[in-house]
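**Q** Below is one structure. I have some questions about it.
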Amino acid sequence: MTKLDWIRIKANYELVIDNLLDLSHTSYLHDGLLGNQDMVDAEITVEQVGDAVVVGRRSMNSTIPGLFAIQMPGHPRVDKWNTIRWTAPGNLLLRSGVHKLGTDPETGTGYYGIHFLTPETDRTTLYHFTAVRWNVLTEPSSNEQIGKRFP
Ligand SMILES: [Fe+2]
């Protein structure tokens with residue numbers, strides 16, 4: 001499943017970058033979908049990798065959020081992680097995933113979120129984005145569930 005779209009944001013592109021790099025917002029703005037209150041307390045990393053800044057966030061033994069429950073059914077509690085890589089000025093790559101408690105993150109599943117920000121004016125930004133799943137563990141019918149629940 002791939003979702004591809006764009007929107008015009010009434011804000012400077014730097015504010016959108018601030019929002020995307022602050023992964024804590026998933027517990028509040030995407031509560032129940034991409035995050036939840038179990039994930040407020042997390043291990044956070046910030047590092048420079050070449051020309052990019054990479055922010056990471058890990059939450060252990062957390063209630064699985066809705067999108068991930070469809071991607072990995074039967075696991076009410078999981079270890080969850082996110083990384084978002086910002087390559088200035090406006091390219092960001094999110095990788096988000098869940099895995100069984102105490103296992104290698106690469107054995108789990110999740111999605112990539114690709115974000116391209118184009119400043120239009122000082123106060124507007126063209127925000128292009130797409131998302132695609134990685135290490136798909138479910139049948140293709142789960143794509144339909146995701147599409148219905150998260151159009
Ligand atoms: Fe968000």
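Ordering of the structure tokens sets the chain letters (A, B, ...); residue numbers start at 1 within each chain; ligands are numbered from 1 in the order shown.
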Could I get the residues of chain A with an atom no further than 12 Å from an atom of ligand 1, each paired with its nearest atom pair and that distance in Å to one decimal, using only C-alpha atoms and all ligand atoms, sorted by chain and residue number, as a tab-separated table?
**A**
```
residue	atom	partner	partner_atom_place_in_ligand_line	distance
A:Val16	CA	ligand 1	1 (Fe)	9.6
A:Ile17	CA	ligand 1	1 (Fe)	10.7
A:Asp18	CA	ligand 1	1 (Fe)	10.8
A:Asn19	CA	ligand 1	1 (Fe)	7.2
A:Leu20	CA	ligand 1	1 (Fe)	6.3
A:Leu21	CA	ligand 1	1 (Fe)	9.4
A:Asp22	CA	ligand 1	1 (Fe)	8.9
A:Leu23	CA	ligand 1	1 (Fe)	7.7
A:Ser24	CA	ligand 1	1 (Fe)	9.2
A:His25	CA	ligand 1	1 (Fe)	6.5
A:Thr26	CA	ligand 1	1 (Fe)	5.9
A:Ser27	CA	ligand 1	1 (Fe)	9.5
A:Tyr28	CA	ligand 1	1 (Fe)	9.3
A:Leu29	CA	ligand 1	1 (Fe)	6.6
A:His30	CA	ligand 1	1 (Fe)	6.6
A:Asp31	CA	ligand 1	1 (Fe)	10.2
A:Leu33	CA	ligand 1	1 (Fe)	10.3
A:Leu34	CA	ligand 1	1 (Fe)	8.4
A:Gly35	CA	ligand 1	1 (Fe)	9.9
A:Asn82	CA	ligand 1	1 (Fe)	12.0
A:Ile84	CA	ligand 1	1 (Fe)	11.5
A:Leu94	CA	ligand 1	1 (Fe)	10.5
A:Ser96	CA	ligand 1	1 (Fe)	11.9
A:Gly113	CA	ligand 1	1 (Fe)	10.2
A:His115	CA	ligand 1	1 (Fe)	11.0
A:Phe129	CA	ligand 1	1 (Fe)	11.6
```
**Q** Could you find all residues in chain A that DSSP calls alpha helix (DSSP H) from the backbone, and write them as a list in words?
**A**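 The alpha helix (DSSP H) residues within chain A come out as Tyr13, Glu14, Leu15, Val16, Ile17, Asp18, Asn19, Leu20, Leu21, Thr26, Ser27, Tyr28, Leu29, Gly66, Leu67, Phe68, Ala69, Ile70, Gln71, Ser141, Ser142, Asn143, Glu144, Gln145, Ile146, Gly147, Lys148 and Arg149 of chain A.
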**Q** For Val49 (chain A), find every residue with an atom within 12 Å (counting only C-alpha atoms), except residues of its own chain fewer than 4 positions away, and show them as a list of chain:residue names.
**A**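 My reading of the contact set: A:Val53, A:Val54, A:Val55, A:Ile84, A:Arg85, A:Trp86, A:Thr87.
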**Q** Please, could you write that set of residues out with N, CA and C atoms as a PDB file, in the first residue's frame?
**A**
```pdb
ATOM      1  N   VAL A  53      20.402  15.301  10.061  1.00  0.00           N
ATOM      2  CA  VAL A  53      20.129  15.189  11.493  1.00  0.00           C
ATOM      3  C   VAL A  53      19.114  14.070  11.653  1.00  0.00           C
ATOM      4  N   VAL A  54      19.407  13.144  12.561  1.00  0.00           N
ATOM      5  CA  VAL A  54      18.514  12.008  12.771  1.00  0.00           C
ATOM      6  C   VAL A  54      18.038  12.015  14.223  1.00  0.00           C
ATOM      7  N   VAL A  55      16.722  12.042  14.393  1.00  0.00           N
ATOM      8  CA  VAL A  55      16.106  11.990  15.714  1.00  0.00           C
ATOM      9  C   VAL A  55      15.467  10.615  15.866  1.00  0.00           C
ATOM     10  N   ILE A  84      13.567   9.791  12.402  1.00  0.00           N
ATOM     11  CA  ILE A  84      13.286  10.716  11.315  1.00  0.00           C
ATOM     12  C   ILE A  84      14.585  11.419  10.959  1.00  0.00           C
ATOM     13  N   ARG A  85      14.897  11.363   9.668  1.00  0.00           N
ATOM     14  CA  ARG A  85      16.150  11.920   9.140  1.00  0.00           C
ATOM     15  C   ARG A  85      15.826  13.184   8.360  1.00  0.00           C
ATOM     16  N   TRP A  86      16.384  14.288   8.790  1.00  0.00           N
ATOM     17  CA  TRP A  86      16.178  15.573   8.110  1.00  0.00           C
ATOM     18  C   TRP A  86      17.427  15.920   7.325  1.00  0.00           C
ATOM     19  N   THR A  87      17.270  16.053   6.022  1.00  0.00           N
ATOM     20  CA  THR A  87      18.313  16.558   5.148  1.00  0.00           C
ATOM     21  C   THR A  87      17.855  17.920   4.662  1.00  0.00           C
TER      22      THR A  87
END
```
**Q** So which residues touch region 101-112 of chain A within 10 Å, counting only C-alpha atoms, skipping near sequence neighbours fewer than 6 positions away, as a PyMOL selection string?
**A** chain A and resi 1-2+60-62+67-68+71-72+75+77-84+93-95+130-138
**Q** Residues at most 10 Å from His128 (chain A), counting only C-alpha atoms, excluding those fewer than 4 positions away in the same chain, as a compact mmCIF listing (two decimals) with all heavy atoms, in the first residue's frame?
**A**
```txt
# COMPACT_ATOMS: atom_id res chain seq x y z
N LEU A 4 0.06 8.64 -1.48
CA LEU A 4 0.82 9.75 -2.05
C LEU A 4 -0.10 10.95 -2.14
O LEU A 4 -1.20 10.84 -2.67
CB LEU A 4 1.31 9.35 -3.44
CG LEU A 4 2.02 10.41 -4.28
CD1 LEU A 4 3.33 10.83 -3.64
CD2 LEU A 4 2.27 9.86 -5.67
N ASP A 5 0.34 12.09 -1.62
CA ASP A 5 -0.53 13.25 -1.64
C ASP A 5 0.30 14.51 -1.36
O ASP A 5 1.49 14.41 -1.08
CB ASP A 5 -1.63 13.10 -0.59
CG ASP A 5 -2.90 13.85 -0.97
OD1 ASP A 5 -2.85 14.70 -1.89
OD2 ASP A 5 -3.93 13.57 -0.36
N TRP A 6 -0.36 15.65 -1.43
CA TRP A 6 0.28 16.90 -1.01
C TRP A 6 -0.79 17.84 -0.47
O TRP A 6 -1.97 17.69 -0.80
CB TRP A 6 1.05 17.55 -2.15
CG TRP A 6 0.18 18.19 -3.20
CD1 TRP A 6 -0.40 17.56 -4.27
CD2 TRP A 6 -0.22 19.55 -3.26
NE1 TRP A 6 -1.15 18.45 -4.99
CE2 TRP A 6 -1.05 19.69 -4.40
CE3 TRP A 6 0.02 20.67 -2.46
CZ2 TRP A 6 -1.62 20.89 -4.75
CZ3 TRP A 6 -0.55 21.88 -2.83
CH2 TRP A 6 -1.36 21.98 -3.96
N ILE A 7 -0.35 18.76 0.38
CA ILE A 7 -1.24 19.78 0.91
C ILE A 7 -0.48 21.10 0.99
O ILE A 7 0.75 21.10 1.01
CB ILE A 7 -1.81 19.42 2.30
CG1 ILE A 7 -0.67 19.15 3.29
CG2 ILE A 7 -2.77 18.26 2.22
CD1 ILE A 7 -1.14 18.88 4.70
N ARG A 8 -1.22 22.20 1.02
CA ARG A 8 -0.63 23.53 1.24
C ARG A 8 -0.78 23.84 2.72
O ARG A 8 -1.90 23.82 3.24
CB ARG A 8 -1.30 24.59 0.38
CG ARG A 8 -0.76 26.00 0.64
CD ARG A 8 -1.36 27.02 -0.33
NE ARG A 8 -0.75 26.87 -1.66
CZ ARG A 8 -1.41 26.46 -2.76
NH1 ARG A 8 -2.69 26.19 -2.70
NH2 ARG A 8 -0.79 26.35 -3.90
N ASN A 91 13.87 17.94 3.20
CA ASN A 91 13.63 16.53 2.92
C ASN A 91 13.69 15.73 4.22
O ASN A 91 14.69 15.81 4.94
CB ASN A 91 14.67 15.99 1.94
CG ASN A 91 14.70 16.78 0.66
OD1 ASN A 91 13.66 17.06 0.07
ND2 ASN A 91 15.89 17.19 0.23
N ILE A 114 7.73 9.57 3.76
CA ILE A 114 8.66 10.44 3.02
C ILE A 114 8.00 11.80 2.87
O ILE A 114 6.86 11.90 2.42
CB ILE A 114 9.00 9.83 1.65
CG1 ILE A 114 9.71 8.48 1.84
CG2 ILE A 114 9.89 10.77 0.85
CD1 ILE A 114 8.86 7.29 1.62
N HIS A 115 8.72 12.85 3.28
CA HIS A 115 8.16 14.20 3.33
C HIS A 115 9.09 15.15 2.57
O HIS A 115 10.29 15.21 2.87
CB HIS A 115 8.06 14.69 4.78
CG HIS A 115 7.40 13.71 5.70
ND1 HIS A 115 6.08 13.79 6.04
CD2 HIS A 115 7.87 12.62 6.32
CE1 HIS A 115 5.77 12.80 6.84
NE2 HIS A 115 6.84 12.07 7.04
N PHE A 116 8.53 15.86 1.62
CA PHE A 116 9.27 16.90 0.87
C PHE A 116 8.56 18.22 1.06
O PHE A 116 7.37 18.34 0.76
CB PHE A 116 9.33 16.56 -0.62
CG PHE A 116 10.07 15.29 -0.93
CD1 PHE A 116 9.39 14.20 -1.43
CD2 PHE A 116 11.43 15.20 -0.71
CE1 PHE A 116 10.06 13.02 -1.72
CE2 PHE A 116 12.12 14.02 -0.99
CZ PHE A 116 11.42 12.93 -1.49
N LEU A 117 9.29 19.19 1.58
CA LEU A 117 8.72 20.51 1.87
C LEU A 117 9.29 21.53 0.91
O LEU A 117 10.51 21.68 0.80
CB LEU A 117 9.06 20.91 3.30
CG LEU A 117 8.64 19.91 4.37
CD1 LEU A 117 9.18 20.33 5.72
CD2 LEU A 117 7.14 19.75 4.40
N THR A 118 8.39 22.23 0.21
CA THR A 118 8.81 23.29 -0.70
C THR A 118 8.24 24.61 -0.21
O THR A 118 7.01 24.78 -0.19
CB THR A 118 8.30 23.01 -2.13
OG1 THR A 118 8.81 21.75 -2.55
CG2 THR A 118 8.75 24.11 -3.08
```
**Q** Please indicate the distance in Å from CA of Val46 (chain A) to CA of Ser59 (chain A), rounded to one decimal place.
**A**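 So the two atoms, CA of Val46 (chain A) and CA of Ser59 (chain A), lie 15.4 Å apart.
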**Q** Could you check how far CA of Ala88 (chain A) sits from CA of Asp51 (chain A), in Å to one decimal?
**A**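 Spanning CA of Ala88 (chain A) to CA of Asp51 (chain A) is a straight-line distance of 7.9 Å.
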**Q** Step one, run DSSP on the backbone; step two, keep only residues of region 4-117 of chain A assigned to strand (DSSP E); then write them as number ranges by chain.
**A** A: 4-9, 43-49, 52-63, 77-87, 91-99, 109-117
**Q** Between A:Glu144, A:Glu47, A:Asp122, A:Asp41, which has the minimum distance to Lys10 (chain A) (counting only C-alpha atoms)?
**A** A:Asp122
**Q** Calculate how many Å separate CA of Pro65 (chain A) from CA of Val40 (chain A), rounding to one decimal.
**A**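 Result for CA of Pro65 (chain A) versus CA of Val40 (chain A): 12.7 Å, one decimal.
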**Q** I'd like to know which of A:Gly74, A:Pro140, A:Gly50, A:Gly32 is closest to His99 (chain A), using only C-alpha atoms.
**A**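 The closest residue to His99 (chain A) is A:Gly74.
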**Q** Calculated over only C-alpha atoms, which of the candidates A:Ile70, A:Ala52, A:Leu126, A:Ile9 has the smallest distance to Pro89 (chain A)?
**A**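 Closest residue, counting only C-alpha atoms: A:Ala52.
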